[in-house]
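For reference, the structure is listed below as structure tokens.
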Amino acid sequence: MPVPWFLLSLALGRSPIVLSLERLVGPQDATHCSPGLSCHLWDSDILCLPGDIVPALGPVLAPTHLQTELVLRCHKETYCDLCVRVAVHLAVHGHWEEPEDEEKFGGAADSGVEEPRNASLQAQVVLSFQAYPTARCVLLEVQVPAALVQFGQSVGSVVYDCFEAALGSEVRIWSYTQPRYEKELNLTQQLPALPWLNVSADGDNVHLVLNVSEEQHFGLSLYWNQVQGSPKPRWHKNLTGPQIITLNHTDLVPCLCIQVWPLEPDSVRTNICPFREDPRAHQNLWRAARLRLLTLQSWLLDAPCSLPAEAALCWQAPGGDPCQPLVPPLSWENVTVDKVLEFPLLKVHPNLCVQVNSWEKLQLQECLWADSLGPLKDDVLLLETRGPQDNRSLCALEPSGCTSLPSKASTRAARLGEYLLQDLQSGQCLQLWDDDLGALWACPVDKYIHKRWALLWLACLLFAAALSLILLLKKDHAKGWLRLLKQDVRSGAAARGRAALLLYSADDSGFERLVGALASALCQLPLRVAVDLWSRREMSAQGPVAWFHAQRRQTLQEGGVVVLLFSPGAVALCSEWLQDGVSAPGAHGPHDAFRASLSCVLPDFLQGRAPGRYVGACFDRLLHPDSVPALFRTVPVFSLPSQLPDFLGALQQPRAPRPGRLQERAEHVSRALQPALDSYFHPPGTPAPGRGVGPGAGDGT
């Protein structure tokens with residue numbers, strides 16, 4: 001429906017330039033071109049099918065530049081539509097290939113060959129227009145006389161009148177030829193919006209302010225604008241009068257657009273996409289992005305909006321080491337959202353993972369084949385490089401790099417190099433990829449590890465038999481030998497103690513020192529403690545999310561336990577996650593593993609998988625256990641140091657020591673922890689840090 005002139009003036013302003021916009025009369029589209037060119041507009045729209053790029057066999061016309069201009073298409077003197085005029089500038093690209101006879105003998109070619117060079121050039125130029133919810137494609141036929149055909153020179157332009165668009169809409173225009181000889185040109189333009197639609201921010205919330213009259217009925221729609229394909233509607237409602245619509249910041253993504261229109265027949269719809277440059281919207285987009293495995297060799301990136309990304313395969317070895325990109329020999333592949341992709345693999349393997357980068361930063365990493373093929377395997381990946389004259393070289397991929405085989409290095413792959421080469425020659429390795437430059441092979445090494453352990457156990461049995469014989473010969477010293485043997489066994493058990501991953505919120509440096517003291521005290525027990533304080537370099541290399549995922553997976557696979565150490569800052573973060581589904585931005589350092597771990601910890605609690613795998617803890621005078629969110633109290637939460645015996649008993653299950661021994665260990669940990677507690681709660685000359693912060697904070701008395 002045409003828009004009254006006063007509404008257009010509100011949107012465009014009353015400057016002399018705006019008021020002098022050219023007015024077109026009548027609903028018909030038209031085209032005109034530069035002097036010397038002839039052009040014709042097809043009577044009807046065509047399908048928008050660019051097709052593949054084909055090589056040009058001679059000089060061709062190609063679009064080189066797009067230019068737009070706003071005009072008015074008026075149905076009455078005071079009722080006009082906003083219209084986009086598009087000018088396509090053309091140039092001659094390509095050249096005639098010289099005939100072989102002319103190159104060889106320097107003579108003139110046959111006159112029949114010269115004739116096409118004096119002919120005019122023709123082209124079919126396609127203009128594609130998209131402004132939600134409208135999409136059109138028109139075809140312009142252009143002819144250039146032979147006198148204007150000069151290689152690499154502009155021949156003029158062809159102008160199309162015009163594409164109608166709504167106020168506030170985002171217009172996207174493409175141009176290419178049929179057939180298509182070059183990459184299509186594209187241009188995006190934001191049209192002015194009506195002043196009664198405004199977007200404002202209030203903390204973590206976003207307000208849509210619609211300042212219309214009380215009697216005005218209008219529709220409001222939120223949708224995801226897609227570069228390719230139709231937009232995806234998200235929300236729609238019919239409203240009346242002035243409104244303020246509140247959106248949560250977690251709902252924002254760059255392609256979230258707003259459409260408003262009066263509830264009248266054939267009304268003009270106003271579109272605005274205000275979040276394209278919002279940093280929070282881009283963070284939410286990557287949080288919502290997922291990799292989905294379709295078949296054993298095909299997958300896609302699922303995300304609300306299009307995004308610039310590239311993907312490559314990497315090799316994830318067991319043990320928590322960083323996933324090692326297989327580039328080279330493989331290469332990075334450009335990723336399009338919702339487009340099926342395939343890596344050139346002959347076979348798949350559970351240790352193969354997909355890394356997705358954007359602007360040279362790792363955004364996603366998933367081992368897509370681990371669910372269908374089982375857990376990670378202790379295999380060695382061999383890289384075969386092929387050179388000229390059938391030259392081949394082999395190396396084994398390790399965390400320290402690619403170790404050449406055979407090698408005299410002290411790495412595991414070097415020690416097993418002879419066996420790996422034998423397995424490769426006998427066909428016992430799985431070939432994952434192959435081309436002219438090289439190949440990838442996955443070789444199992446479990447049997448060699450088991451063989452080494454078998455020899456070690458045999459040596460232990462022989463030693464035990466010899467020791468028993470000595471004890472029989474020297475009964476008087478039997479008790480002393482047994483006592484020493486018992487101590488050795490206990491020491492070995494301590495060295496192989498249960499794994500414990502300690503997670504905490506880095507509220508301040510004093511609290512970090514307190515956490516470090518607790519972790520050091522627990523290491524004196526039969527526990528293998530992992531905490532980000534001791535892995536800062538590794539965490540910086542991997543990123544907090546990747547580091548936590550690797551540590552959590554290794555700890556739980558070994559039957560260990562994850563310790564959630566609650567503080568006022570941790571409780572605040574958990575409450576925000578439970579309320580909003582994502583933590584609000586705040587002053588957190590780059591090594592805050594607790595913040596990074598919440599996205600993985602919460603599903604275990606929500607799905608009932610936490611008991612037996614997680615325990616909670618807090619410090620007596622800093623936080624009361626009742627202040628911990630109820631969801632996390634589904635596992636035991638201990639107050640330290642008052643409940644140290646129970647806490648240590650939960651950590652050392654299922655083989656908990658005797659009560660007397662447990663009490664002794666608790667006293668040892670308490671003594672080691674007390675100086676750090678005193679320093680934290682009663683530093684000389686200053687009030688205790690953390691006092692009175694957050695729910696349940698004690699008074700320090």
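Convention: chains lettered A, B, ... in structure tokens order; per-chain residue numbering from 1; ligands numbered from 1 as shown.
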Which of segment 150-319 of chain A end up as strand (DSSP E) when DSSP is run on this backbone - answer as a PyMOL selection string? chain A and resi 154-164+170-177+185-190+197-202+205-210+217-224+232-240+243-248+256-262+270-272+290-293+298-302+309-315
Those in segment 242-312 of chain A with helix (DSSP H, G or I) from DSSP, as JSON, numbers by chain: {"A": [249, 250, 251, 279, 280, 281, 282, 283, 284, 285, 286, 287, 288]}
Excluding same-chain residues fewer than 6 positions from segment 596-607 of chain A, what lies within 10 Å of it counting only C-alpha atoms, as a PyMOL selection string? chain A and resi 287+503-504+543-549+552+562+564+573-574+577-578+581-583+590+613-614+631-635
Which neighbours of Val171 of chain A fall inside 6 Å, counting only C-alpha atoms, when residues of the same chain fewer than 4 positions from it are skipped, and could you give them as a list in words?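 Neighbouring residues, sequence-local ones excluded: Gln130, Ala131, Thr188 and Gln189 of chain A.
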For Gly26 of chain A, which of A:Cys80, A:Ala439, A:Cys305, A:Glu667 is the closest residue, counting only C-alpha atoms?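 Comparing A:Cys80, A:Ala439, A:Cys305, A:Glu667 against Gly26 of chain A, the winner is A:Cys80.
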So, with only C-alpha atoms as the atoms that count, which of A:His207, A:His349, A:Arg537, A:His95 lies closest to Leu61 of chain A? A:His95
